[in-house]
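To start, the structure under review is shown below, and the notes come after it.
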Amino acid sequence: MRPGHFSTAVEQSIMAVQLEFLSGTPYFYGLNPAQLESIANRVFEKTAGRAEIISMEGEGATGLYFVASGVVKVFKTSADGKEQILSIVRPGEAFNDVPVFDGGPSPVGARAMGPVVLYGITRDDMMAILLEHPGVAIGVVRALAERVRHLISLVEDLSFKHVIGRVAKILLEHVGGDGGQGPRLTQQEMAAMAGTAREVVGRSLKTLETQGAIKLDRHRILITDQEALQRTVEDS
Amino acid sequence: MSETPLIDEQRCAGCGLCVSVCHLNALVIVSKVVTIVDAVECDWCADCELVCPTGAISCPFEIVLVGSWRSHKDSA
């Protein structure tokens, strides 16, 4: 925490909280208290309200962020405005690392899903930390590798699998019959059935709604054009 | 059939992430377990389900056919 804004007692209290937080993140796991303190001295705090954009796709990064509380959605937006969630960042996890480490524009956007508190480290400070504490690089590499693994899995889903057809098939197979109620399905359950990620199911449902095959009506998915849904199954 | 998100109290860790993302303030934490306080307001955005790290809250969809069924499940 940078000096000057808090009384000594409050500052120490915040520092203690940050030290505990930092020691629990994959980036700084295993560092001793002195090393953590030198890193905590470079941490700044940032807050954001619900739906507030924290970083814009295509813009430079203001820093590497760790979520202290709340949840951040990392996403990519297509030219026609469709949003694909890439990851949900929960407390203890980081985002914005790609532009911080390569110095380029951010390849994704990040938005607060509710009130969030972030701990940030500027690019210059992060580079200095890596030089001073080479052990941090191991944590960074591990975290980035984990991220790459997740993104490769998502690329596979989005590129090679006809997920939308499988989701359409699931809807047709689970519709309530003869006026009765069929089994209720969560997006997570549909994802498991379709062999894909929940984020991809959400987008598939929105695409089917845009195509007019279904309508999302609160807790119900209304099949408004059964033949269109059937064609989606057959075409995929 | 319930029209509120389903909560598995055994799984709920009481972290409150679902409460923080609920834009209609329909959720609260009571005794370290998430509770629905205003289900009427719930618009089923399923953000609570999305952010829950333990899968304790879910928003299942009922799938309903509008109109009569044609060519049915046999060909699906």
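Residue numbering restarts at 1 in every chain; chains get A, B, ... in the order shown in the structure tokens, and ligands count up from 1 in that same order.
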Using the chain letters and numbers from this document, which residues of stretch 1-233 of chain A does DSSP assign to strand (DSSP E or B), as a ChimeraX atom specification?
-> /A:44-48,53-55,64-69,72-77,83-89,94-95,109-112,116-121,185,214-217,220-223
Please report, as CSV, each residue of chain B lying at most 6 Å from chain A, together with the nearest pair of atoms and the separation in Å rounded to one decimal; use only C-alpha atoms, and order rows by chain and ascending residue number.
```
residue,atom,partner,partner_atom,distance
B:Leu17,CA,A:Gly70,CA,5.9
B:Ser20,CA,A:Gly114,CA,5.1
B:Val21,CA,A:Gly114,CA,4.3
B:Asp43,CA,A:Arg218,CA,5.6
B:Trp44,CA,A:Arg218,CA,5.1
B:Cys59,CA,A:Thr186,CA,5.7
B:Pro60,CA,A:Thr186,CA,4.0
B:Phe61,CA,A:His219,CA,4.9
B:Glu62,CA,A:Arg220,CA,4.7
B:Ile63,CA,A:Val175,CA,4.8
B:Val64,CA,A:Leu222,CA,4.9
B:Leu65,CA,A:Ile223,CA,4.7
B:Val66,CA,A:Thr224,CA,5.3
```
Convert the current residue selection to file output with C-alpha atoms, as a compact mmCIF listing (two decimals), in the first residue's frame.
```
# COMPACT_ATOMS: atom_id res chain seq x y z
CA LEU B 17 -20.19 -14.28 -4.19
CA SER B 20 -22.52 -9.79 -4.59
CA VAL B 21 -23.52 -10.45 -8.21
CA ASP B 43 -35.21 -12.73 -13.24
CA TRP B 44 -33.28 -16.00 -13.62
CA CYS B 59 -31.14 -22.10 -11.74
CA PRO B 60 -32.74 -25.00 -13.59
CA PHE B 61 -34.84 -24.34 -16.68
CA GLU B 62 -38.11 -26.00 -17.51
CA ILE B 63 -38.26 -26.72 -21.24
CA VAL B 64 -41.67 -26.04 -22.71
CA LEU B 65 -42.96 -26.49 -26.22
CA VAL B 66 -45.13 -23.69 -27.54
```
Which value, in Å to one decimal, gives the distance between atom CA of A:Gly58 and atom CA of A:Ile164?
->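 Atom CA of A:Ile164 lies at a distance of 28.5 Å from atom CA of A:Gly58.
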Hey, what does DSSP flag as alpha helix (DSSP H) within stretch 10-111 of chain A? Can you give it to me as a list of chain:residue names?
->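 The alpha helix (DSSP H) residues within stretch 10-111 of chain A come out as A:Val10, A:Glu11, A:Gln12, A:Ser13, A:Ile14, A:Met15, A:Ala16, A:Val17, A:Gln18, A:Leu19, A:Glu20, A:Phe21, A:Leu22, A:Ser23, A:Pro33, A:Ala34, A:Gln35, A:Leu36, A:Glu37, A:Ser38, A:Ile39, A:Ala40, A:Asp97, A:Val98, A:Pro99, A:Val100, A:Phe101, A:Asp102.
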Can you write just those residues out, C-alpha atoms, as a compact mmCIF listing (two decimals), in the first residue's frame?
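Once written, out06.txt looks like this:
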```txt
# COMPACT_ATOMS: atom_id res chain seq x y z
CA VAL A 10 -4.93 1.43 9.63
CA GLU A 11 -2.07 1.11 7.18
CA GLN A 12 -0.60 -1.75 9.18
CA SER A 13 -3.95 -3.46 9.36
CA ILE A 14 -4.41 -3.18 5.60
CA MET A 15 -0.86 -4.40 5.06
CA ALA A 16 -1.55 -7.47 7.23
CA VAL A 17 -4.66 -8.28 5.23
CA GLN A 18 -2.79 -7.85 1.97
CA LEU A 19 0.09 -10.03 3.14
CA GLU A 20 -2.30 -12.83 4.01
CA PHE A 21 -4.09 -12.38 0.70
CA LEU A 22 -0.91 -12.32 -1.38
CA SER A 23 0.49 -15.40 0.32
CA PRO A 33 7.02 -12.60 4.91
CA ALA A 34 9.78 -10.12 4.00
CA GLN A 35 9.39 -10.85 0.31
CA LEU A 36 5.61 -10.57 0.56
CA GLU A 37 5.92 -7.25 2.36
CA SER A 38 8.11 -5.81 -0.38
CA ILE A 39 5.46 -6.84 -2.89
CA ALA A 40 2.60 -5.52 -0.75
CA ASP A 97 -1.75 -10.62 -16.91
CA VAL A 98 -1.33 -10.94 -20.69
CA PRO A 99 -1.06 -7.18 -21.46
CA VAL A 100 0.99 -6.63 -18.31
CA PHE A 101 3.56 -9.24 -19.31
CA ASP A 102 3.74 -8.59 -23.06
```
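Between B:Val37 and the residues B:Cys12, B:Gly55, B:Cys22, B:Gly67, the shortest atom-to-atom distance, using only C-alpha atoms, involves B:Cys22.
For the residues B:Ser31, B:Ile36, B:Ala46, B:Glu41, ranking by smallest atom-to-atom distance to B:Cys15 using only C-alpha atoms places B:Ser31 first.
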Between atom CA of A:Gly120 and atom CA of A:Lys46, measure the distance and give it in Å to one decimal.
->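 Atom CA of A:Lys46 lies 7.0 Å from atom CA of A:Gly120.
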Counting only C-alpha atoms, what is within 8 Å of stretch 133-145 of chain A, bar same-chain residues fewer than 4 positions away, as a short mmCIF file (atom, residue, chain, number, x, y, z; two decimals) with N, CA and C atoms, in the first residue's frame?
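And here's part08.cif as it stands now:
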```cif
data_model
loop_
_atom_site.label_atom_id
_atom_site.label_comp_id
_atom_site.auth_asym_id
_atom_site.auth_seq_id
_atom_site.Cartn_x
_atom_site.Cartn_y
_atom_site.Cartn_z
N PRO A 26 -1.66 -17.95 -6.20
CA PRO A 26 -0.67 -18.83 -6.88
C PRO A 26 0.59 -18.08 -7.28
N TYR A 27 0.46 -16.79 -7.58
CA TYR A 27 1.63 -16.02 -8.02
C TYR A 27 2.69 -15.92 -6.92
N PHE A 28 2.25 -15.76 -5.70
CA PHE A 28 3.20 -15.45 -4.63
C PHE A 28 3.28 -16.54 -3.58
N TYR A 29 2.78 -17.69 -3.91
CA TYR A 29 2.80 -18.81 -2.98
C TYR A 29 4.25 -19.20 -2.63
N LEU A 31 6.48 -17.51 -0.85
CA LEU A 31 7.41 -16.43 -0.52
C LEU A 31 7.42 -16.20 0.99
N GLN A 35 9.61 -10.97 1.76
CA GLN A 35 9.39 -10.85 0.31
C GLN A 35 7.96 -10.39 0.02
N ILE A 129 9.31 -6.69 -9.51
CA ILE A 129 9.12 -7.82 -8.59
C ILE A 129 9.74 -9.09 -9.15
N ARG A 149 -4.25 -23.74 -20.64
CA ARG A 149 -4.94 -25.02 -20.70
C ARG A 149 -6.46 -24.81 -20.78
#
```
